[in-house]
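Student: Sending over a structure as structure tokens; questions will come in a sec.
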Amino acid sequence: MADYKKPLPQSDPVTAPYWESLKAHQMKVQRCNDTGKFFFYPRGMSPYTLSDNLSWEPVSGKGVLHAFTIVHVNRAPGFGDELPYVVALIELDEGVRLMSNLIDVQPDPDHVKIGMPVELVYDDVTDEITLPKFRPTQA
Amino acid sequence: MESISGKTAIVGVAESDQIGRVPDKPAIMLHAEAARSALAEAGLTKNDVDGLFTAGISTLELGEYLGIEPRVTDTTAVGGSSFVIHIAHAATAIATGRCEVALVTHGESGRSRVGMAGPAVARDALRNQFEAPFGLPQPVGAYAMACSRHMYEYGTTKEQLAEIAVATRKWAMLNPKAMMRDPITIEDVLNSRVISWPFNLLDCCLVTDAGGAYVMTSIERARDLKQTPIAVLGVGEGHDHAMISQMPSLTAFAARHSGRRAFEMAGVKHADLDLAMIYDSFTYTVLLSLEELGFCAKGEGGAFVSGQRTAPGGDFPMNTNGGGLSYNHPGMYGMFAIIEAVRQLRHDYQDQGIRQVKDAKLAVVHGTGGVLSSAGTAILGRV
């Protein structure tokens, strides 16, 4: 893991609970208690009402592929060996959207289909950082 | 509120002395060269300038470099649309008497990277956490991702996207300043190497070095200057996200609002327009903008551009300089769409055959910034 070359997220006091939840392999996302709606990324106040009446809720990790690209060129350190790979927008069942990689799938538009059900995989990329990745839902 | 429609005009435009590959000039010099030429074209001097507008660098640096002390200063920087939005801000400042002569400049050493600031770490703190770990190349991957959703929702095809690249190249072949002037076919676009699916190389803009500038003043003062004044008839702006992962809908963006506001202010209809200059960072940027600006129904952008309709001789002249796809794209292209619209409306190309859009009187200029994040629209007219 010491040779992990890709960018690592640097959390801040507001976002730290999210990254900690991933490290614990129990993803949590914030909910605005005024509206009952989830939101992502983590914020210090609700983007719906600007209220700080928020809670962190465990989520199922189930969702669908909302959009994607298959990256064939990326000179940034760490990605060259994996080309081509899929960067995806995932819509969780809780209604929020986040960026991730779709893994365990052929990086080919004939195999990657918008709307396909996906599930969360915890990727412990270093001792400190776990990234949320997604794969096609296993039957 | 009194409308600013028709109260101001663009009276001078220019590119930097060279564009394309300019390895011996820092970005700020590209601003300065374009500023000098645009003022000279207008018949004004730097001492006439009392409003300063730019993006990419600060007006602080620009004013210092040019020896200008403005009384209106505006570094609105929301990506490549910024310079179109500056039309709106300058028009408002001039129409309300806050300044008389506005200078708006752009300059980027996008290709050679001479004198360019490094990445703004603080600005990217959220992207660092929520996008960068997944290896999305910016901005191409973001636009590609949005395009995938349009293909899914509306059946838009890569062939339809390629129509835009091919038509734009035909215009570039008529522009000696364009970087890419060899003819291409739809097959060439589809067979160019994949960058970030669904985009191939020829779906993507160039990366160049260039500067640009324009000068605005009141319509009254404009009539006494050297060039045919091009009036600012309508303007609109807006934005709805910064990161692509936060875009409320990947197939809709702020152009629908900026466009509607600009058309309403100008009091013109789409059918009245002679020319469309539509920001073309990627082929999809154009297709989506045409829908969002209301040139066609939602989802019909692909059909709209088919059959080389936007090429020279087509019934919808668009991106007649060869666009960011084939003429010049240093990073924030919006400035160059404005320059071309003004030249077309002044009939600068009237001795160059089909390069000149015949009898052009009314144009829309549309800028897109960030990752489909911001939008600026202006309706310009020969009066």
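Labeling convention for the structure tokens: chains A, B, ... as they appear, residues from 1 per chain, ligands from 1 in order of appearance.
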Using only C-alpha atoms, find which residues of chain A lie within 10 Å of chain B and jot them down as a ChimeraX atom specification.
Tutor: /A:6-12,15,19,40-42,66-80,84-90,96-102,107-109,113-115,131-133
Student: Determine which residues of region 184-381 of chain B receive a DSSP assignment of strand (DSSP E), computed from the backbone, and state them as a PyMOL selection string.
Tutor: chain B and resi 194-197+199-200+209-218+230-239+275-278+362-369+374-381
Student: Go ahead and dump the residues you just picked, N, CA and C atoms, as a short mmCIF file (atom, residue, chain, number, x, y, z; two decimals), in the first residue's frame.
Tutor:
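Written out: result_30.cif:
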data_model
loop_
_atom_site.label_atom_id
_atom_site.label_comp_id
_atom_site.auth_asym_id
_atom_site.auth_seq_id
_atom_site.Cartn_x
_atom_site.Cartn_y
_atom_site.Cartn_z
N VAL B 194 -9.76 6.71 -28.98
CA VAL B 194 -10.68 6.98 -27.87
C VAL B 194 -9.91 7.70 -26.77
N ILE B 195 -10.47 8.79 -26.30
CA ILE B 195 -9.86 9.52 -25.17
C ILE B 195 -10.58 9.13 -23.88
N SER B 196 -11.87 9.37 -23.87
CA SER B 196 -12.68 9.04 -22.70
C SER B 196 -14.08 8.76 -23.27
N TRP B 197 -14.40 7.47 -23.40
CA TRP B 197 -15.63 7.09 -24.08
C TRP B 197 -16.81 7.84 -23.46
N PHE B 199 -16.09 9.88 -26.06
CA PHE B 199 -15.36 10.86 -26.87
C PHE B 199 -14.10 10.27 -27.47
N ASN B 200 -13.97 10.50 -28.78
CA ASN B 200 -12.72 10.24 -29.47
C ASN B 200 -11.95 11.56 -29.55
N ASP B 209 -2.21 28.23 -27.26
CA ASP B 209 -1.84 29.47 -26.58
C ASP B 209 -2.55 30.61 -27.32
N ALA B 210 -3.20 31.48 -26.58
CA ALA B 210 -3.86 32.60 -27.25
C ALA B 210 -4.38 33.60 -26.23
N GLY B 211 -4.52 34.83 -26.71
CA GLY B 211 -5.20 35.87 -25.96
C GLY B 211 -6.27 36.49 -26.84
N GLY B 212 -7.19 37.19 -26.19
CA GLY B 212 -8.24 37.89 -26.92
C GLY B 212 -8.73 39.05 -26.07
N ALA B 213 -9.35 40.04 -26.73
CA ALA B 213 -9.87 41.18 -25.98
C ALA B 213 -10.99 41.83 -26.77
N TYR B 214 -11.88 42.48 -26.05
CA TYR B 214 -12.85 43.37 -26.69
C TYR B 214 -13.04 44.62 -25.84
N VAL B 215 -13.54 45.67 -26.51
CA VAL B 215 -13.76 46.97 -25.87
C VAL B 215 -15.22 47.33 -26.03
N MET B 216 -15.83 47.80 -24.96
CA MET B 216 -17.24 48.21 -25.01
C MET B 216 -17.38 49.65 -24.53
N THR B 217 -18.38 50.34 -25.08
CA THR B 217 -18.73 51.66 -24.58
C THR B 217 -20.22 51.90 -24.85
N SER B 218 -20.68 53.09 -24.54
CA SER B 218 -22.10 53.39 -24.76
C SER B 218 -22.39 53.42 -26.26
N ILE B 230 -21.32 47.14 -32.69
CA ILE B 230 -22.15 45.93 -32.57
C ILE B 230 -22.83 45.99 -31.20
N ALA B 231 -24.13 46.17 -31.24
CA ALA B 231 -24.87 46.44 -30.01
C ALA B 231 -25.10 45.19 -29.18
N VAL B 232 -25.09 45.40 -27.87
CA VAL B 232 -25.43 44.33 -26.93
C VAL B 232 -26.94 44.42 -26.68
N LEU B 233 -27.67 43.46 -27.22
CA LEU B 233 -29.13 43.52 -27.18
C LEU B 233 -29.73 42.70 -26.03
N GLY B 234 -29.06 41.63 -25.67
CA GLY B 234 -29.59 40.79 -24.59
C GLY B 234 -28.48 40.01 -23.94
N VAL B 235 -28.60 39.80 -22.65
CA VAL B 235 -27.58 39.03 -21.91
C VAL B 235 -28.25 38.17 -20.85
N GLY B 236 -27.57 37.09 -20.50
CA GLY B 236 -28.04 36.24 -19.41
C GLY B 236 -26.88 35.40 -18.89
N GLU B 237 -26.97 35.00 -17.65
CA GLU B 237 -25.91 34.20 -17.05
C GLU B 237 -26.49 33.30 -15.97
N GLY B 238 -25.72 32.31 -15.54
CA GLY B 238 -26.15 31.46 -14.43
C GLY B 238 -25.20 30.30 -14.24
N HIS B 239 -25.36 29.62 -13.11
CA HIS B 239 -24.64 28.36 -12.90
C HIS B 239 -25.38 27.52 -11.87
N LEU B 275 -26.56 33.92 -37.04
CA LEU B 275 -25.32 33.24 -36.68
C LEU B 275 -25.40 32.77 -35.24
N ALA B 276 -24.87 31.58 -34.99
CA ALA B 276 -24.75 31.08 -33.62
C ALA B 276 -23.28 30.75 -33.34
N MET B 277 -22.75 31.36 -32.31
CA MET B 277 -21.40 31.01 -31.85
C MET B 277 -21.58 30.30 -30.52
N ILE B 278 -21.39 28.98 -30.55
CA ILE B 278 -21.73 28.12 -29.42
C ILE B 278 -20.46 27.45 -28.91
N LEU B 362 -27.70 39.61 -36.77
CA LEU B 362 -28.04 39.23 -35.41
C LEU B 362 -27.35 37.90 -35.08
N ALA B 363 -26.68 37.87 -33.93
CA ALA B 363 -25.95 36.65 -33.55
C ALA B 363 -26.20 36.33 -32.08
N VAL B 364 -26.16 35.04 -31.79
CA VAL B 364 -26.13 34.62 -30.38
C VAL B 364 -24.73 34.10 -30.11
N VAL B 365 -24.19 34.51 -28.96
CA VAL B 365 -22.91 33.99 -28.48
C VAL B 365 -23.20 33.28 -27.17
N HIS B 366 -22.80 32.01 -27.11
CA HIS B 366 -23.07 31.28 -25.89
C HIS B 366 -21.79 30.67 -25.33
N GLY B 367 -21.52 30.95 -24.07
CA GLY B 367 -20.34 30.41 -23.40
C GLY B 367 -20.72 29.41 -22.32
N THR B 368 -19.92 28.36 -22.21
CA THR B 368 -20.09 27.36 -21.17
C THR B 368 -18.80 27.32 -20.34
N GLY B 369 -18.93 27.21 -19.03
CA GLY B 369 -17.74 27.20 -18.18
C GLY B 369 -17.71 26.02 -17.23
N SER B 374 -21.28 26.64 -15.69
CA SER B 374 -21.78 28.00 -15.83
C SER B 374 -22.17 28.26 -17.28
N ALA B 375 -23.02 29.28 -17.45
CA ALA B 375 -23.49 29.64 -18.77
C ALA B 375 -23.58 31.15 -18.87
N GLY B 376 -23.16 31.65 -20.01
CA GLY B 376 -23.35 33.06 -20.32
C GLY B 376 -23.82 33.17 -21.75
N THR B 377 -24.88 33.94 -21.98
CA THR B 377 -25.41 34.09 -23.33
C THR B 377 -25.54 35.57 -23.65
N ALA B 378 -25.18 35.93 -24.87
CA ALA B 378 -25.36 37.31 -25.31
C ALA B 378 -25.96 37.31 -26.71
N ILE B 379 -26.90 38.22 -26.93
CA ILE B 379 -27.42 38.48 -28.27
C ILE B 379 -26.82 39.80 -28.74
N LEU B 380 -26.10 39.72 -29.85
CA LEU B 380 -25.43 40.90 -30.40
C LEU B 380 -26.05 41.25 -31.74
N GLY B 381 -26.08 42.54 -32.05
CA GLY B 381 -26.71 42.93 -33.31
C GLY B 381 -26.06 44.13 -33.98
#
Student: Skipping near chain neighbours, those fewer than 3 positions away, what residues fall within 10 Å of Gly299 (chain B) using only C-alpha atoms, listed as a compact mmCIF listing (two decimals) with N, CA and C atoms, in the first residue's frame?
Tutor:
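As a result, result12.txt now contains:
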# COMPACT_ATOMS: atom_id res chain seq x y z
N HIS B 150 -26.93 11.54 -21.94
CA HIS B 150 -27.76 12.04 -23.06
C HIS B 150 -28.00 10.92 -24.07
N MET B 151 -26.98 10.13 -24.32
CA MET B 151 -27.12 9.00 -25.26
C MET B 151 -28.14 8.00 -24.72
N GLU B 153 -30.64 8.66 -22.46
CA GLU B 153 -32.00 9.20 -22.35
C GLU B 153 -32.63 9.48 -23.71
N TYR B 154 -31.81 9.89 -24.69
CA TYR B 154 -32.39 10.37 -25.95
C TYR B 154 -31.92 9.62 -27.19
N GLY B 155 -31.04 8.64 -26.99
CA GLY B 155 -30.58 7.88 -28.16
C GLY B 155 -29.62 8.63 -29.05
N THR B 156 -29.00 9.66 -28.51
CA THR B 156 -28.01 10.43 -29.27
C THR B 156 -26.84 9.50 -29.64
N THR B 251 -28.24 16.24 -18.36
CA THR B 251 -28.71 16.61 -19.70
C THR B 251 -29.41 17.96 -19.72
N LEU B 287 -24.04 20.25 -28.74
CA LEU B 287 -25.34 19.58 -28.89
C LEU B 287 -26.28 19.94 -27.73
N LEU B 288 -25.74 19.86 -26.52
CA LEU B 288 -26.56 20.18 -25.34
C LEU B 288 -26.93 21.66 -25.32
N GLU B 291 -29.87 22.55 -27.57
CA GLU B 291 -31.16 22.18 -26.95
C GLU B 291 -31.53 23.15 -25.84
N GLU B 292 -30.57 23.42 -24.99
CA GLU B 292 -30.87 24.24 -23.81
C GLU B 292 -31.17 25.68 -24.17
N CYS B 296 -33.86 23.70 -30.55
CA CYS B 296 -34.61 22.50 -30.90
C CYS B 296 -35.20 21.94 -29.62
N GLY B 302 -29.20 15.95 -31.59
CA GLY B 302 -28.52 15.11 -32.56
C GLY B 302 -29.10 15.24 -33.95
N ALA B 303 -30.41 15.21 -34.02
CA ALA B 303 -31.08 15.37 -35.33
C ALA B 303 -30.83 16.77 -35.88
N PHE B 304 -30.80 17.75 -34.98
CA PHE B 304 -30.65 19.15 -35.40
C PHE B 304 -29.34 19.38 -36.16
Student: Skipping near chain neighbours, those fewer than 4 positions away, what residues fall within 7 Å of Pro136 (chain A) using only C-alpha atoms, listed as a PyMOL selection string?
Tutor: chain A and resi 117-119
Student: Figure out the distance between CA of Ser326 (chain B) and CA of Asn175 (chain B), please, to one decimal in Å.
Tutor: 9.8 Å
Student: Could you jot down the CA of Tyr333 (chain B) to CA of Glu108 (chain B) separation for me, Å, one decimal place?
Tutor: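 Interatomic distance, CA of Tyr333 (chain B) to CA of Glu108 (chain B): 9.7 Å.
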Student: Just the residues within 8 Å of Ala172 (chain B), please, counting only C-alpha atoms, with nothing from its chain fewer than 3 positions along; format it as number ranges by chain.
Tutor: B: 168-169, 175-176, 178-181, 320-323, 326-327
